[in-house]
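The block underneath contains the structure these notes are about, expressed in structure tokens.
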Amino acid sequence: MTEPIISVRGLSIRYRTKESRVYAVDDVSFDLFPGQVLTLVGESGSGKTTAGMSILRLLAPEAEVLGGQVLFEGRDLLAMDDKHLRPLRGRRIAMVFQDPVAGLNPVLPVGSQVAEILTSHLEISKKDAQKQALQILKGVGLADAERVAKSYPFQLSGGMCQRVMIGIATALNPDVIIADEPTSALDVTIQAQILHQLDQLRKTRGTAIMLITHDFGVVAQMADQVAVMYAGRVVESGGVMEMLKAPLHPYTHGLLATLPRVDGANEHLRQIPGQPPELTEPSERCPFIPRCPKVLNVCRASGAPKLELPEGRAHLVACYNPIWQAER
Ligand SMILES: Nc1ncnc2c1ncn2[C@@H]1O[C@H](COP(=O)(O)OP(=O)(O)O)[C@@H](O)[C@H]1O
Ligand SMILES: [Mg+2]
């Protein structure tokens with residue numbers, strides 16, 4: 001089997017502010033493989049963005065890495081000095097953020113912003129970079145590239161800005177793209193186009209894509225591998241087919257049940273009842289206990305369950321009482 005290009009191992013991150021502590025990421029591990037899409041999926045507040053931002057060390061100053069590693073080609077990005085990390089940013093590993101407008105410089109035409117990533121990493125004249133920028137904008141489906149290049153972000157739609165962001169992220173042909181809810185702010189048609197664009201990159205260039213989303217519809221459409229996050233922990237992970245066919249964790253099961261169905265049979269069931277816990281302490285027990293329809297005494301009496309491979313299964317789950325196919 002191929003080696004992962006990014007391997008996150010035992011990552012724990014806490015935010016510390018004057019008022020509070022938040023254990024946002026708690027002993028998280030996952031692997032991202034070349035040419036594959038890994039989706040991190042979970043409700044808002046489950047630690048997806050924190051996990052994604054930690055890879056390029058873009059976390060807010062109040063974040064502390066309590067432990068773990070982010071291995072890229074065998075080197076730990078968390079232990080690397082800035083001098084070595086900087087050339088990787090944008091060039092080998094690129095990010096696409098949720099809010100395309102905030103991700104772009106408001107006072108610079110977008111063509112110049114695309115050109116800038118080229119001149120900052122490559123030996124290339126400004127003029128050639130401007131020319132290449134037009135090609136890049138065309139490549140992300142912006143037909144009227146000349147006009148778009150001269151525009152400022154506020155003159156473009158959200159979808160167009162997101163395409164520009166993807167153009168910037170892909171300009172240097174990175175090995176890895178981390179896309180944090182890249183389509184959440186966009187309408188459904190544009191969402192489909194942007195996802196298609198990412199999928200093309202994976203197919204044609206073998207880019208590894210880590211796609212963060214709260215939407216299992218996006219997972220079903222895009223993922224090869226899935227890591228389901230709840231309360232800062234990965235509670236289930238594995239291949240997308242396996243997981244859609246036979247989700248093991250009651251939380252994953254609940255998320256899938258909230259997906260709209262063609263017959264409208266689950267109209268009332270758009271959310272899992274209850275709230276995720278406050279993360280002011282690391283979870284000593286399974287964090288899903290208060291919302292879990294399958295909780296047992298063993299869950300309340302034991303430490304937080306670890307990700308394990310149940311016998312006869314092909315994917316990992318952190319649960320003392322997983323759901324077996326026969327029950328569904
Ligand atoms: N800068 C910050 N300071 C304090 N807490 C934060 C900060 N950023 C995120 N958090 C908290 O960390 C937890 C995880 O947040 P986040 O990683 O953004 O989750 P997600 O992307 O899954 O919505 C949440 O409880 C959130 O409120
Ligand atoms: Mg987020």
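Residue numbers start at 1 in each chain; chains themselves are named A, B, ... in the order of the structure tokens; ligands are numbered from 1 in the order shown.
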Using only C-alpha atoms and all ligand atoms, which residues of chain A come within 9 Å of ligand 2, and what is the closest atom pair for each, with the distance in Å to one decimal? Give it as a Markdown table, sorted by chain and residue number.
| residue | atom | partner | partner_atom_place_in_ligand_line | distance |
| --- | --- | --- | --- | --- |
| A:Glu43 | CA | ligand 2 | 1 (Mg) | 8.9 |
| A:Ser44 | CA | ligand 2 | 1 (Mg) | 6.4 |
| A:Gly45 | CA | ligand 2 | 1 (Mg) | 6.9 |
| A:Ser46 | CA | ligand 2 | 1 (Mg) | 8.0 |
| A:Gly47 | CA | ligand 2 | 1 (Mg) | 7.0 |
| A:Lys48 | CA | ligand 2 | 1 (Mg) | 5.5 |
| A:Thr49 | CA | ligand 2 | 1 (Mg) | 4.1 |
| A:Thr50 | CA | ligand 2 | 1 (Mg) | 7.3 |
| A:Gly52 | CA | ligand 2 | 1 (Mg) | 8.7 |
| A:Gln98 | CA | ligand 2 | 1 (Mg) | 8.1 |
| A:Asp180 | CA | ligand 2 | 1 (Mg) | 6.7 |
| A:Glu181 | CA | ligand 2 | 1 (Mg) | 7.1 |
| A:Ile212 | CA | ligand 2 | 1 (Mg) | 7.6 |
| A:Thr213 | CA | ligand 2 | 1 (Mg) | 7.8 |
| A:His214 | CA | ligand 2 | 1 (Mg) | 8.4 |
Can you tell me, as a ChimeraX atom specification, what residues are no more than 8 Å from A:Ile55 when counting only C-alpha atoms, ignoring any on the same chain fewer than 6 positions away? /A:70,77-78
Suppose we keep N, CA, C and O atoms; can you now write the selection as a PDB file, in the first residue's frame?
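Everything below was put into selection-v2.pdb:
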ATOM      1  N   VAL A  70       2.446  15.870  13.291  1.00  0.00           N
ATOM      2  CA  VAL A  70       1.887  15.945  11.945  1.00  0.00           C
ATOM      3  C   VAL A  70       3.020  15.606  10.996  1.00  0.00           C
ATOM      4  O   VAL A  70       3.888  16.442  10.728  1.00  0.00           O
ATOM      5  N   LEU A  77       5.795  18.410  11.056  1.00  0.00           N
ATOM      6  CA  LEU A  77       5.597  19.838  10.782  1.00  0.00           C
ATOM      7  C   LEU A  77       5.474  20.652  12.071  1.00  0.00           C
ATOM      8  O   LEU A  77       5.788  21.831  12.100  1.00  0.00           O
ATOM      9  N   LEU A  78       5.026  19.996  13.133  1.00  0.00           N
ATOM     10  CA  LEU A  78       4.835  20.721  14.399  1.00  0.00           C
ATOM     11  C   LEU A  78       6.173  21.023  15.078  1.00  0.00           C
ATOM     12  O   LEU A  78       6.262  21.921  15.906  1.00  0.00           O
TER      13      LEU A  78
END
Name the residues, by chain letter and number, that sit within 10 Å of ligand 1 using only C-alpha atoms and all ligand atoms, and give them as a ChimeraX atom specification. /A:13-25,40-54,59-63,180-181,212-214,229-232,276-280
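Using only C-alpha atoms, the nearest neighbour of A:Phe154 within the list A:Val101, A:Leu186, A:Leu296, A:Leu307 is A:Val101.
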Set the distance at 9 Å and use only C-alpha atoms: which residues neighbour A:Ala171 once local chain neighbours fewer than 4 positions away are removed? I'd like the list as number ranges by chain. A: 90-91, 114, 117-118, 133, 136, 166-167
Residue subset to file, keeping N, CA, C and O atoms, as an mmCIF file, in the first residue's frame:
data_model
loop_
_atom_site.group_PDB
_atom_site.id
_atom_site.type_symbol
_atom_site.label_atom_id
_atom_site.label_comp_id
_atom_site.auth_asym_id
_atom_site.auth_seq_id
_atom_site.Cartn_x
_atom_site.Cartn_y
_atom_site.Cartn_z
ATOM 1 N N GLY A 90 1.737 26.705 0.825
ATOM 2 C CA GLY A 90 1.337 27.202 -0.483
ATOM 3 C C GLY A 90 1.968 26.405 -1.611
ATOM 4 O O GLY A 90 1.360 26.193 -2.636
ATOM 5 N N ARG A 91 3.201 25.968 -1.392
ATOM 6 C CA ARG A 91 3.884 25.275 -2.483
ATOM 7 C C ARG A 91 3.645 23.761 -2.443
ATOM 8 O O ARG A 91 3.337 23.150 -3.447
ATOM 9 N N VAL A 114 -3.093 36.145 -7.713
ATOM 10 C CA VAL A 114 -2.670 34.856 -8.264
ATOM 11 C C VAL A 114 -1.207 34.961 -8.714
ATOM 12 O O VAL A 114 -0.393 34.069 -8.441
ATOM 13 N N ILE A 117 1.513 34.664 -5.827
ATOM 14 C CA ILE A 117 1.938 33.350 -5.319
ATOM 15 C C ILE A 117 3.017 32.761 -6.240
ATOM 16 O O ILE A 117 3.937 32.081 -5.793
ATOM 17 N N LEU A 118 2.921 33.075 -7.533
ATOM 18 C CA LEU A 118 3.929 32.563 -8.482
ATOM 19 C C LEU A 118 5.264 33.267 -8.271
ATOM 20 O O LEU A 118 6.308 32.615 -8.149
ATOM 21 N N ALA A 133 -1.209 33.770 -14.610
ATOM 22 C CA ALA A 133 -2.377 33.944 -13.741
ATOM 23 C C ALA A 133 -3.669 33.836 -14.545
ATOM 24 O O ALA A 133 -4.650 33.239 -14.086
ATOM 25 N N ILE A 136 -4.383 30.289 -15.113
ATOM 26 C CA ILE A 136 -4.863 29.650 -13.881
ATOM 27 C C ILE A 136 -6.340 29.976 -13.655
ATOM 28 O O ILE A 136 -7.138 29.106 -13.323
ATOM 29 N N ILE A 166 -9.155 28.743 -5.085
ATOM 30 C CA ILE A 166 -8.709 27.418 -5.513
ATOM 31 C C ILE A 166 -7.585 27.569 -6.540
ATOM 32 O O ILE A 166 -6.600 26.830 -6.517
ATOM 33 N N GLY A 167 -7.711 28.584 -7.411
ATOM 34 C CA GLY A 167 -6.640 28.880 -8.362
ATOM 35 C C GLY A 167 -5.334 29.172 -7.643
ATOM 36 O O GLY A 167 -4.277 28.647 -8.003
#
Within 10 Å of stretch 197-206 of chain A using only C-alpha atoms, minus same-chain residues under 3 positions, as a compact mmCIF listing (two decimals) with C-alpha atoms, in the first residue's frame:
# COMPACT_ATOMS: atom_id res chain seq x y z
CA PHE A 33 -3.03 9.42 0.98
CA PRO A 34 -1.87 10.80 -2.40
CA GLY A 35 -4.67 11.05 -4.95
CA GLN A 36 -7.35 10.55 -2.32
CA VAL A 37 -9.93 12.69 -0.60
CA GLY A 139 -8.30 26.63 -15.45
CA VAL A 140 -10.66 27.06 -12.50
CA GLY A 141 -13.57 27.75 -14.80
CA ARG A 163 -12.59 29.71 -7.63
CA ILE A 166 -8.71 27.42 -5.51
CA THR A 170 -3.41 25.02 -6.87
CA ASN A 173 0.68 22.24 -7.99
CA PRO A 174 0.81 21.34 -4.29
CA ASP A 175 0.83 17.75 -3.11
CA VAL A 176 -1.83 18.47 -0.51
CA ILE A 177 -4.83 20.78 -0.38
CA ALA A 179 -10.10 22.73 2.11
CA GLN A 191 -21.04 24.04 -4.60
CA ALA A 192 -21.29 21.17 -7.08
CA GLN A 193 -18.98 22.96 -9.53
CA ILE A 194 -16.34 23.72 -6.89
CA ILE A 209 -7.25 16.54 -0.53
CA LEU A 211 -11.89 18.18 2.87
CA GLN A 221 -20.07 12.65 -3.10
CA MET A 222 -16.35 13.26 -2.56
CA ALA A 223 -14.67 11.05 0.01
Excluding stretch 187-189 of chain A and any residue of its chain fewer than 5 positions from it, enumerate the residues within 12 Å of it, using only C-alpha atoms, and give them as a list in words. Ser157, Gly158, Gly159, Met160, Gln162, Pro182, Ile194, Leu195, His196, Gly217 and Val218 of chain A
Could you pull out the helix (DSSP H, G or I) residues of stretch 192-297 of chain A from DSSP and send them as a PyMOL selection string? chain A and resi 192-205+216-222+240-245+250-257+289-291+297
Give me, as a ChimeraX atom specification, all polymer residues having an atom no more than 8 Å from A:Asp26, counting only C-alpha atoms and skipping those fewer than 5 positions away in the same chain. /A:10-13,232-233,282
Between A:Val235, A:Gly74, A:Glu3, A:Gly111, single out the one closest to A:Leu309, counting only C-alpha atoms. A:Val235
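The shortest atom-to-atom distance to A:Ser283, with only C-alpha atoms taken into account, belongs to A:Asp27 out of A:Asp27, A:Ala185, A:Arg86, A:Met241.
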